[in-house]
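S.K.: This is the content of final-v4.cif (mmCIF, C-alpha atoms):
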```
data_start
loop_
_atom_site.label_atom_id
_atom_site.label_comp_id
_atom_site.auth_asym_id
_atom_site.auth_seq_id
_atom_site.Cartn_x
_atom_site.Cartn_y
_atom_site.Cartn_z
CA MET A 225 1.43 -35.19 -38.25
CA SER A 226 3.72 -38.19 -38.24
CA SER A 227 4.59 -37.66 -41.88
CA LEU A 228 6.08 -34.24 -41.12
CA VAL A 229 9.50 -35.24 -39.89
CA GLY A 230 11.81 -32.92 -41.76
CA PRO A 231 14.86 -34.52 -43.33
CA ALA A 232 13.58 -38.04 -42.81
CA SER A 233 10.22 -37.33 -44.42
CA HIS A 234 8.99 -39.82 -46.96
CA VAL A 235 7.90 -38.25 -50.24
CA THR A 236 4.38 -39.52 -50.77
CA VAL A 237 2.80 -40.08 -54.14
CA SER A 238 1.15 -36.94 -55.43
CA THR A 239 -2.58 -36.87 -56.01
CA ASN A 240 -1.59 -35.87 -59.55
CA PHE A 241 -3.76 -32.80 -59.82
CA PRO A 242 -2.66 -30.67 -62.77
CA LEU A 243 -0.38 -27.85 -61.65
CA PRO A 244 -2.86 -25.13 -62.72
CA TYR A 245 -5.41 -26.69 -60.33
CA GLY A 246 -3.01 -26.43 -57.40
CA LEU A 247 -2.06 -22.87 -58.26
CA ALA A 248 -5.71 -21.90 -58.53
CA ARG A 249 -6.33 -23.39 -55.07
CA LEU A 250 -3.43 -21.35 -53.74
CA GLN A 251 -4.94 -18.18 -55.18
CA ALA A 252 -8.21 -18.97 -53.41
CA ARG A 253 -6.44 -19.69 -50.11
CA VAL A 254 -4.58 -16.40 -50.19
CA GLY A 255 -7.91 -14.68 -50.72
CA ASP A 256 -9.29 -16.46 -47.65
CA LEU A 257 -6.55 -15.29 -45.27
CA PRO A 258 -7.59 -12.82 -42.55
CA THR A 259 -7.68 -9.23 -43.73
CA ALA A 260 -6.66 -6.15 -41.76
CA ALA A 261 -10.35 -5.61 -40.98
CA GLU A 262 -10.62 -9.15 -39.60
CA TRP A 263 -7.63 -8.59 -37.33
CA ARG A 264 -9.17 -5.34 -36.06
CA ARG A 265 -12.33 -7.27 -35.24
CA LEU A 266 -10.40 -9.94 -33.38
CA ARG A 267 -8.22 -7.52 -31.42
CA ALA A 268 -11.35 -5.87 -30.08
CA ALA A 269 -12.23 -9.11 -28.24
CA GLU A 270 -11.06 -8.91 -24.62
CA GLY A 271 -10.15 -12.10 -22.81
CA PHE A 272 -8.93 -15.48 -24.02
CA GLY A 273 -12.38 -17.11 -24.30
CA PRO A 274 -14.02 -14.23 -26.18
CA PHE A 275 -11.06 -14.08 -28.56
CA LEU A 276 -11.39 -17.81 -29.32
CA ASP A 277 -15.11 -17.38 -29.94
CA ALA A 278 -14.50 -14.43 -32.26
CA ALA A 279 -11.73 -16.22 -34.17
CA ARG A 280 -13.93 -19.29 -34.71
CA ARG A 281 -16.40 -17.09 -36.57
CA GLY A 282 -13.80 -16.19 -39.19
CA PRO A 283 -11.12 -17.65 -41.46
CA LEU A 284 -8.94 -18.78 -38.52
CA ARG A 285 -11.45 -21.30 -37.19
CA ALA A 286 -9.63 -24.33 -38.63
CA TRP A 287 -6.39 -23.20 -36.94
CA LEU A 288 -7.90 -23.48 -33.45
CA THR A 289 -9.64 -26.86 -33.48
CA SER A 290 -8.13 -28.33 -30.31
CA LEU A 291 -8.18 -25.19 -28.16
CA ASP A 292 -10.73 -24.21 -25.53
CA THR A 293 -10.87 -21.87 -22.57
CA HIS A 294 -8.84 -24.33 -20.48
CA SER A 295 -5.95 -24.53 -22.96
CA GLY A 296 -2.54 -23.43 -21.74
CA SER A 297 0.52 -22.00 -23.43
CA HIS A 298 1.93 -25.36 -24.53
CA ALA A 299 -1.44 -26.37 -26.00
CA ILE A 300 -1.48 -23.17 -28.06
CA GLU A 301 2.00 -23.82 -29.42
CA ARG A 302 1.19 -27.46 -30.21
CA GLN A 303 -2.02 -26.51 -32.02
CA LEU A 304 -0.29 -23.85 -34.13
CA ARG A 305 2.48 -26.26 -35.10
CA HIS A 306 -0.14 -28.84 -36.00
CA SER A 307 -2.04 -26.28 -38.08
CA LEU A 308 1.06 -25.46 -40.11
CA GLY A 309 1.72 -29.18 -40.58
CA TRP A 310 -1.66 -30.03 -42.03
CA GLN A 311 -1.57 -27.02 -44.32
CA ILE A 312 1.80 -28.18 -45.65
CA GLU A 313 0.45 -31.69 -46.18
CA GLU A 314 -2.50 -30.24 -48.06
CA LEU A 315 -0.11 -28.45 -50.42
CA THR A 316 1.65 -31.74 -51.19
CA GLN A 317 -1.65 -32.94 -52.62
CA TRP A 318 -1.70 -30.04 -55.07
CA LEU A 319 1.91 -29.84 -56.24
CA PRO A 320 4.21 -32.32 -58.02
CA GLY A 321 6.11 -34.75 -55.82
CA GLU A 322 9.50 -33.19 -56.56
CA TRP A 323 8.42 -30.19 -54.47
CA HIS A 324 7.32 -32.18 -51.41
CA PRO A 325 10.69 -32.36 -49.58
CA ALA A 326 11.16 -28.57 -49.73
CA LEU A 327 7.55 -27.99 -48.68
CA ARG A 328 7.80 -30.33 -45.71
CA TRP A 329 11.06 -28.73 -44.64
CA LEU A 330 9.05 -25.64 -43.69
CA GLY A 331 7.35 -27.72 -41.02
CA LEU A 332 10.59 -27.63 -39.00
CA LEU A 333 10.63 -23.84 -38.66
CA PRO A 334 8.52 -23.79 -35.45
CA TYR A 335 10.93 -26.32 -33.93
CA LEU A 336 14.25 -24.53 -34.48
CA GLY A 337 14.22 -22.86 -31.09
CA ILE A 338 13.46 -26.19 -29.43
CA PHE A 339 16.30 -27.87 -31.32
CA ALA A 340 18.66 -25.16 -30.10
CA TYR A 341 17.46 -25.76 -26.54
CA LEU A 342 17.91 -29.52 -26.83
CA GLY A 343 21.33 -29.06 -28.40
CA GLN A 344 22.48 -27.69 -25.03
CA ASP A 345 21.58 -31.00 -23.32
CA SER A 346 18.77 -29.22 -21.50
CA GLU A 347 15.89 -30.85 -19.66
CA VAL A 348 13.27 -32.63 -21.75
CA TYR A 349 9.76 -31.65 -20.68
CA PRO A 350 6.67 -33.90 -20.89
CA TRP A 351 5.02 -31.73 -23.56
CA MET A 352 7.99 -32.38 -25.84
CA ARG A 353 7.34 -36.12 -25.72
CA GLU A 354 3.72 -35.52 -26.73
CA ASP A 355 4.75 -33.92 -30.03
CA MET A 356 5.03 -36.61 -32.71
CA VAL A 357 7.38 -34.50 -34.84
CA LEU A 358 9.64 -33.57 -31.95
CA PHE A 359 9.73 -36.95 -30.21
CA PRO A 360 12.30 -38.65 -32.52
CA TYR A 361 14.78 -35.85 -31.78
CA LEU A 362 14.67 -36.12 -28.01
CA LYS A 363 17.34 -38.74 -27.47
CA PRO A 364 20.18 -40.28 -29.48
CA GLY A 365 19.20 -43.10 -31.80
CA PRO A 366 20.42 -44.98 -34.86
CA ASP A 367 19.41 -42.10 -37.14
CA THR A 368 21.02 -39.31 -35.09
CA GLY A 369 23.61 -38.72 -37.79
CA ARG A 370 20.96 -37.92 -40.39
CA ARG A 371 19.41 -35.34 -38.09
CA ALA A 372 22.56 -33.64 -36.87
CA ASP A 373 22.01 -30.54 -39.02
CA GLU A 374 18.91 -29.63 -36.98
CA ARG A 375 20.76 -29.86 -33.66
CA LEU A 376 23.36 -27.13 -34.15
CA ALA A 377 24.00 -24.18 -31.87
CA SER A 378 21.32 -21.54 -31.71
CA GLU A 379 23.09 -18.96 -33.84
CA ALA A 380 23.62 -21.44 -36.70
CA LEU A 381 20.10 -22.81 -36.91
CA PRO A 382 18.46 -20.31 -39.29
CA GLY A 383 21.31 -20.57 -41.79
CA THR A 384 21.32 -24.34 -41.44
CA TRP A 385 17.60 -24.45 -42.13
CA VAL A 386 17.97 -22.34 -45.29
CA ALA A 387 20.77 -24.60 -46.54
CA GLY A 388 18.62 -27.67 -45.93
CA TRP A 389 15.68 -26.08 -47.72
CA TYR A 390 17.88 -25.16 -50.66
CA ARG A 391 19.10 -28.76 -51.02
CA ARG A 392 15.51 -30.00 -51.10
CA LEU A 393 14.34 -27.72 -53.89
CA PRO A 394 14.08 -29.32 -57.34
CA ARG A 395 17.10 -28.70 -59.52
CA GLY A 396 16.95 -25.87 -62.02
CA ILE A 397 16.23 -22.18 -61.78
CA TRP A 398 14.55 -22.69 -58.38
CA ARG A 399 17.96 -23.41 -56.87
CA GLU A 400 19.65 -20.23 -58.04
CA ARG A 401 21.13 -18.20 -55.22
CA ARG A 402 18.82 -15.25 -55.77
CA PHE A 403 15.75 -17.40 -55.16
CA ARG A 404 17.25 -18.96 -52.06
CA GLU A 405 18.14 -15.59 -50.59
CA LYS A 406 14.86 -13.90 -51.50
CA PHE A 407 12.57 -16.65 -50.23
CA GLY A 408 14.75 -18.04 -47.45
CA ALA A 409 15.18 -14.72 -45.65
CA SER A 410 11.47 -13.93 -45.97
CA LEU A 411 10.43 -17.31 -44.58
CA LEU A 412 12.76 -16.99 -41.61
CA MET A 413 11.47 -13.51 -40.82
CA ALA A 414 7.87 -14.67 -41.15
CA ALA A 415 8.59 -17.38 -38.58
CA GLY A 416 10.19 -14.83 -36.23
CA LEU A 417 13.71 -16.16 -36.83
CA GLY A 418 15.14 -13.44 -39.03
CA ASP A 419 16.54 -9.96 -38.54
CA ASP A 420 13.19 -8.59 -37.38
CA ARG A 421 12.87 -10.84 -34.34
CA ASP A 422 13.52 -7.90 -32.01
CA GLY A 423 11.52 -5.43 -34.07
CA ASP A 424 8.04 -4.10 -33.50
CA ASP A 425 5.04 -6.13 -34.53
CA GLY A 426 3.50 -3.29 -36.50
CA GLY A 427 5.07 -1.52 -39.45
CA GLN A 428 7.98 -3.89 -39.99
CA LEU A 429 5.76 -6.96 -40.09
CA GLN A 430 3.27 -5.20 -42.33
CA GLN A 431 6.12 -4.57 -44.76
CA LEU A 432 6.99 -8.26 -44.62
CA HIS A 433 3.36 -9.13 -45.30
CA SER A 434 3.40 -6.87 -48.37
CA LEU A 435 6.68 -8.43 -49.56
CA LEU A 436 5.28 -11.97 -49.27
CA LEU A 437 2.17 -10.93 -51.19
CA ARG A 438 4.35 -9.47 -53.94
CA LEU A 439 6.39 -12.68 -54.08
CA PHE A 440 3.19 -14.69 -54.31
CA HIS A 441 1.77 -12.67 -57.18
CA ARG A 442 5.12 -12.48 -58.97
CA HIS A 443 5.47 -16.28 -58.93
CA CYS A 444 1.79 -17.22 -59.04
CA ALA A 445 2.33 -19.31 -62.20
CA THR A 446 5.00 -21.50 -60.57
CA PRO A 447 5.20 -23.76 -57.49
CA LEU A 448 7.28 -21.07 -55.78
CA ALA A 449 3.94 -19.42 -54.99
CA ALA A 450 3.41 -22.15 -52.40
CA PHE A 451 6.40 -20.91 -50.39
CA ALA A 452 5.20 -17.31 -50.46
CA TYR A 453 1.79 -18.59 -49.33
CA LEU A 454 3.34 -20.55 -46.46
CA GLY A 455 5.30 -17.43 -45.52
CA LEU A 456 1.96 -15.64 -45.19
CA ILE A 457 0.68 -18.53 -43.07
CA LEU A 458 3.73 -18.29 -40.81
CA LEU A 459 3.22 -14.55 -40.41
CA GLN A 460 -0.50 -14.90 -39.67
CA THR A 461 0.36 -17.65 -37.18
CA ARG A 462 2.82 -15.31 -35.51
CA TRP A 463 0.12 -12.68 -35.07
CA LEU A 464 -2.38 -15.25 -33.84
CA ARG A 465 0.10 -16.65 -31.30
CA ALA A 466 0.80 -13.18 -29.94
CA GLU A 467 -2.91 -12.43 -29.49
CA LEU A 468 -3.63 -15.78 -27.81
CA GLN A 469 -0.63 -15.78 -25.50
CA ARG A 470 -1.16 -12.16 -24.46
CA ARG A 471 -4.75 -12.83 -23.45
CA LEU A 472 -3.75 -16.02 -21.68
CA LEU A 473 -0.95 -14.44 -19.68
CA PHE A 474 -2.53 -11.02 -19.10
CA PRO A 475 -6.31 -11.47 -18.94
CA ALA A 476 -8.27 -8.26 -19.12
CA GLN A 477 -9.72 -7.21 -15.81
CA GLY A 478 -13.35 -8.22 -15.46
CA THR A 479 -13.28 -10.76 -18.30
CA VAL A 480 -13.48 -14.51 -18.19
CA SER A 481 -10.46 -16.21 -19.77
#
```
Let me see whether you can do it: turn the structure in this file into C-alpha cells.
M.R.:
Amino acid sequence: MSSLVGPASHVTVSTNFPLPYGLARLQARVGDLPTAAEWRRLRAAEGFGPFLDAARRGPLRAWLTSLDTHSGSHAIERQLRHSLGWQIEELTQWLPGEWHPALRWLGLLPYLGIFAYLGQDSEVYPWMREDMVLFPYLKPGPDTGRRADERLASEALPGTWVAGWYRRLPRGIWRERRFREKFGASLLMAAGLGDDRDGDDGGQLQQLHSLLLRLFHRHCATPLAAFAYLGLILLQTRWLRAELQRRLLFPAQGTVS
C-alpha cells in the first residue's frame, strides 16, 4: 500500500505488457464482478458472520481477506481501502506508465472525507496512524506544500480531486474537458461523493452502474476503460460497505455476528 500516496506517488516501471493484453484483462475482470443475482444471494445472508461466509464463496472473496467475525467498523473501512489500492496497483502492471499517476490518484477517493476532517484541525485517532496512505498527511512536514490540495475545505474536495486527476492524465484527447466531466463526475458519484450522496441506494445507483458499463464498453479499446472499471469497483465497494456495516451495527435478532 505504501506506493499509493496520491500526488507524491512514484511512477513505477511498467511490466510492459502490450496494451491489448491489459485491455483483455480488463474485459475479463468486468465479467467477474458480482452480478445482480450474486447480490441477491448475499443480501439473503442474515448476520455479519454469515454474510462474510457467503461473500467468500463468490467474486468478492479477495476483497475481504483481513476481515473476520471480530472485525469492527474501522477494520472494514481499512480493508476496503486496501482492496481498492491493490486493484489500482494491478492495473499499473497492465497499462503504460504514462497512465499510472492518474490511476493512482483514484486511490485517494476513499480518503477525501478524512482529509476534510483533518483540515479542520480535528482529533487524530489511532486507526488513522495505522493507515500507511493516510499517515503522511496527519501532521505538518517538509512536504506539506505539495499535499495542500488534498487538505481543502470539505465542499472543495471533490472538485479539487477532479482537477488533480485531470492534471495527471496523459496529454492529448484524454484531457479534453468532455472526458474530464464525463468520467470525473461518474467516479465521484461511484465513490459516494457526487450529487447522489443523499439519494437512494436503489434505482439511482443502478443507473450509475449502467452508465459506467456503457463508458467501459464505449472506451474498451483505450486505457480510459480502466477508469470506467475502477468506477464499477468503487460502486461495488459502496454496496459491499453498506451491507457489512449494516449487519455489524444492526445484527439480525437470533443470529451470530
S.K.: Please write the residues picked by the PyMOL selection byres ((chain A and resi 262) around 10) on this file as a CSV table (one decimal) with C-alpha atoms, in the frame of the given file.
M.R.:
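Final output, selection.csv:
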```csv
chain,number,residue,atom,x,y,z
A,257,LEU,CA,-6.6,-15.3,-45.3
A,258,PRO,CA,-7.6,-12.8,-42.6
A,259,THR,CA,-7.7,-9.2,-43.7
A,260,ALA,CA,-6.7,-6.2,-41.8
A,261,ALA,CA,-10.4,-5.6,-41.0
A,263,TRP,CA,-7.6,-8.6,-37.3
A,264,ARG,CA,-9.2,-5.3,-36.1
A,265,ARG,CA,-12.3,-7.3,-35.2
A,266,LEU,CA,-10.4,-9.9,-33.4
A,267,ARG,CA,-8.2,-7.5,-31.4
A,278,ALA,CA,-14.5,-14.4,-32.3
A,279,ALA,CA,-11.7,-16.2,-34.2
A,282,GLY,CA,-13.8,-16.2,-39.2
A,283,PRO,CA,-11.1,-17.6,-41.5
A,284,LEU,CA,-8.9,-18.8,-38.5
```
S.K.: Which neighbours of Ala286 in chain A fall inside 12 Å, counting only C-alpha atoms, when residues of the same chain fewer than 4 positions from it are skipped, and could you give them as a PDB file with C-alpha atoms, in the frame of the given file?
M.R.:
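Saved result, out-v9.pdb, follows:
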```
ATOM      1  CA  ASP A 256      -9.290 -16.460 -47.650  1.00  0.00           C
ATOM      2  CA  LEU A 257      -6.550 -15.290 -45.270  1.00  0.00           C
ATOM      3  CA  LEU A 276     -11.390 -17.810 -29.320  1.00  0.00           C
ATOM      4  CA  ALA A 279     -11.730 -16.220 -34.170  1.00  0.00           C
ATOM      5  CA  ARG A 280     -13.930 -19.290 -34.710  1.00  0.00           C
ATOM      6  CA  ARG A 281     -16.400 -17.090 -36.570  1.00  0.00           C
ATOM      7  CA  GLY A 282     -13.800 -16.190 -39.190  1.00  0.00           C
ATOM      8  CA  SER A 290      -8.130 -28.330 -30.310  1.00  0.00           C
ATOM      9  CA  LEU A 291      -8.180 -25.190 -28.160  1.00  0.00           C
ATOM     10  CA  GLN A 303      -2.020 -26.510 -32.020  1.00  0.00           C
ATOM     11  CA  LEU A 304      -0.290 -23.850 -34.130  1.00  0.00           C
ATOM     12  CA  HIS A 306      -0.140 -28.840 -36.000  1.00  0.00           C
ATOM     13  CA  SER A 307      -2.040 -26.280 -38.080  1.00  0.00           C
ATOM     14  CA  LEU A 308       1.060 -25.460 -40.110  1.00  0.00           C
ATOM     15  CA  TRP A 310      -1.660 -30.030 -42.030  1.00  0.00           C
ATOM     16  CA  GLN A 311      -1.570 -27.020 -44.320  1.00  0.00           C
TER      17      GLN A 311
END
```
S.K.: Take CA of Leu448 in chain A and CA of Glu314 in chain A and report the distance between them in Å, one decimal.
M.R.: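 Separating CA of Leu448 in chain A from CA of Glu314 in chain A is a distance of 15.5 Å.
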S.K.: For Trp351 in chain A, which residue out of A:Ala387, A:Ile300, A:Ile312, A:Leu456 is the nearest one, using only C-alpha atoms?
M.R.: A:Ile300
S.K.: For CA of Pro244 in chain A and CA of Gly309 in chain A, quote the distance in Å rounded to one decimal.
M.R.: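 The value is 23.0 Å.
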S.K.: Can you write range 242-323 of chain A from the block above with C-alpha atoms, as a PDB file, in the first residue's frame?
M.R.:
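Listing of result.pdb after writing:
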```pdb
ATOM      1  CA  PRO A 242       1.114  -4.932 -24.755  1.00  0.00           C
ATOM      2  CA  LEU A 243      -1.907  -2.668 -24.363  1.00  0.00           C
ATOM      3  CA  PRO A 244      -4.296  -5.233 -25.930  1.00  0.00           C
ATOM      4  CA  TYR A 245      -3.278  -7.674 -23.170  1.00  0.00           C
ATOM      5  CA  GLY A 246      -4.216  -5.195 -20.457  1.00  0.00           C
ATOM      6  CA  LEU A 247      -7.497  -4.333 -22.118  1.00  0.00           C
ATOM      7  CA  ALA A 248      -8.350  -8.013 -22.469  1.00  0.00           C
ATOM      8  CA  ARG A 249      -7.658  -8.495 -18.750  1.00  0.00           C
ATOM      9  CA  LEU A 250      -9.975  -5.595 -18.002  1.00  0.00           C
ATOM     10  CA  GLN A 251     -12.731  -7.211 -20.057  1.00  0.00           C
ATOM     11  CA  ALA A 252     -12.315 -10.403 -18.052  1.00  0.00           C
ATOM     12  CA  ARG A 253     -12.367  -8.522 -14.737  1.00  0.00           C
ATOM     13  CA  VAL A 254     -15.584  -6.722 -15.608  1.00  0.00           C
ATOM     14  CA  GLY A 255     -17.102 -10.102 -16.398  1.00  0.00           C
ATOM     15  CA  ASP A 256     -16.034 -11.350 -12.959  1.00  0.00           C
ATOM     16  CA  LEU A 257     -17.741  -8.560 -10.995  1.00  0.00           C
ATOM     17  CA  PRO A 258     -20.739  -9.570  -8.854  1.00  0.00           C
ATOM     18  CA  THR A 259     -23.972  -9.764 -10.802  1.00  0.00           C
ATOM     19  CA  ALA A 260     -27.426  -8.738  -9.609  1.00  0.00           C
ATOM     20  CA  ALA A 261     -28.083 -12.411  -8.841  1.00  0.00           C
ATOM     21  CA  GLU A 262     -24.945 -12.568  -6.698  1.00  0.00           C
ATOM     22  CA  TRP A 263     -26.033  -9.523  -4.715  1.00  0.00           C
ATOM     23  CA  ARG A 264     -29.461 -11.082  -4.145  1.00  0.00           C
ATOM     24  CA  ARG A 265     -27.734 -14.183  -2.808  1.00  0.00           C
ATOM     25  CA  LEU A 266     -25.561 -12.140  -0.464  1.00  0.00           C
ATOM     26  CA  ARG A 267     -28.382  -9.946   0.827  1.00  0.00           C
ATOM     27  CA  ALA A 268     -30.252 -13.071   1.874  1.00  0.00           C
ATOM     28  CA  ALA A 269     -27.498 -13.827   4.417  1.00  0.00           C
ATOM     29  CA  GLU A 270     -28.514 -12.551   7.854  1.00  0.00           C
ATOM     30  CA  GLY A 271     -25.818 -11.526  10.301  1.00  0.00           C
ATOM     31  CA  PHE A 272     -22.267 -10.285   9.835  1.00  0.00           C
ATOM     32  CA  GLY A 273     -20.577 -13.704  10.040  1.00  0.00           C
ATOM     33  CA  PRO A 274     -22.949 -15.459   7.625  1.00  0.00           C
ATOM     34  CA  PHE A 275     -22.599 -12.581   5.175  1.00  0.00           C
ATOM     35  CA  LEU A 276     -18.791 -12.862   5.271  1.00  0.00           C
ATOM     36  CA  ASP A 277     -19.026 -16.607   4.696  1.00  0.00           C
ATOM     37  CA  ALA A 278     -21.392 -16.120   1.761  1.00  0.00           C
ATOM     38  CA  ALA A 279     -19.250 -13.378   0.208  1.00  0.00           C
ATOM     39  CA  ARG A 280     -16.117 -15.535   0.436  1.00  0.00           C
ATOM     40  CA  ARG A 281     -17.812 -18.101  -1.783  1.00  0.00           C
ATOM     41  CA  GLY A 282     -18.141 -15.607  -4.621  1.00  0.00           C
ATOM     42  CA  PRO A 283     -16.233 -12.970  -6.600  1.00  0.00           C
ATOM     43  CA  LEU A 284     -15.813 -10.679  -3.560  1.00  0.00           C
ATOM     44  CA  ARG A 285     -13.628 -13.096  -1.616  1.00  0.00           C
ATOM     45  CA  ALA A 286     -10.371 -11.268  -2.407  1.00  0.00           C
ATOM     46  CA  TRP A 287     -11.886  -8.002  -1.122  1.00  0.00           C
ATOM     47  CA  LEU A 288     -12.383  -9.396   2.389  1.00  0.00           C
ATOM     48  CA  THR A 289      -9.059 -11.070   3.172  1.00  0.00           C
ATOM     49  CA  SER A 290      -8.349  -9.436   6.543  1.00  0.00           C
ATOM     50  CA  LEU A 291     -11.894  -9.479   7.937  1.00  0.00           C
ATOM     51  CA  ASP A 292     -13.401 -11.967  10.367  1.00  0.00           C
ATOM     52  CA  THR A 293     -16.344 -12.061  12.734  1.00  0.00           C
ATOM     53  CA  HIS A 294     -14.436  -9.917  15.254  1.00  0.00           C
ATOM     54  CA  SER A 295     -13.723  -7.100  12.783  1.00  0.00           C
ATOM     55  CA  GLY A 296     -15.105  -3.682  13.610  1.00  0.00           C
ATOM     56  CA  SER A 297     -16.152  -0.696  11.540  1.00  0.00           C
ATOM     57  CA  HIS A 298     -12.645   0.744  11.165  1.00  0.00           C
ATOM     58  CA  ALA A 299     -11.299  -2.655  10.071  1.00  0.00           C
ATOM     59  CA  ILE A 300     -13.964  -2.817   7.359  1.00  0.00           C
ATOM     60  CA  GLU A 301     -13.064   0.632   6.051  1.00  0.00           C
ATOM     61  CA  ARG A 302      -9.332  -0.139   6.128  1.00  0.00           C
ATOM     62  CA  GLN A 303      -9.817  -3.416   4.259  1.00  0.00           C
ATOM     63  CA  LEU A 304     -11.955  -1.807   1.553  1.00  0.00           C
ATOM     64  CA  ARG A 305      -9.420   0.985   1.050  1.00  0.00           C
ATOM     65  CA  HIS A 306      -6.672  -1.619   0.835  1.00  0.00           C
ATOM     66  CA  SER A 307      -8.687  -3.631  -1.694  1.00  0.00           C
ATOM     67  CA  LEU A 308      -9.063  -0.607  -3.959  1.00  0.00           C
ATOM     68  CA  GLY A 309      -5.338   0.107  -3.616  1.00  0.00           C
ATOM     69  CA  TRP A 310      -4.148  -3.301  -4.722  1.00  0.00           C
ATOM     70  CA  GLN A 311      -6.575  -3.336  -7.628  1.00  0.00           C
ATOM     71  CA  ILE A 312      -5.189   0.006  -8.783  1.00  0.00           C
ATOM     72  CA  GLU A 313      -1.634  -1.287  -8.464  1.00  0.00           C
ATOM     73  CA  GLU A 314      -2.592  -4.320 -10.523  1.00  0.00           C
ATOM     74  CA  LEU A 315      -3.834  -2.038 -13.300  1.00  0.00           C
ATOM     75  CA  THR A 316      -0.481  -0.240 -13.378  1.00  0.00           C
ATOM     76  CA  GLN A 317       1.053  -3.563 -14.394  1.00  0.00           C
ATOM     77  CA  TRP A 318      -1.232  -3.743 -17.425  1.00  0.00           C
ATOM     78  CA  LEU A 319      -1.209  -0.175 -18.732  1.00  0.00           C
ATOM     79  CA  PRO A 320       1.581   2.112 -19.987  1.00  0.00           C
ATOM     80  CA  GLY A 321       3.441   4.132 -17.370  1.00  0.00           C
ATOM     81  CA  GLU A 322       2.047   7.465 -18.553  1.00  0.00           C
ATOM     82  CA  TRP A 323      -1.337   6.388 -17.154  1.00  0.00           C
TER      83      TRP A 323
END
```
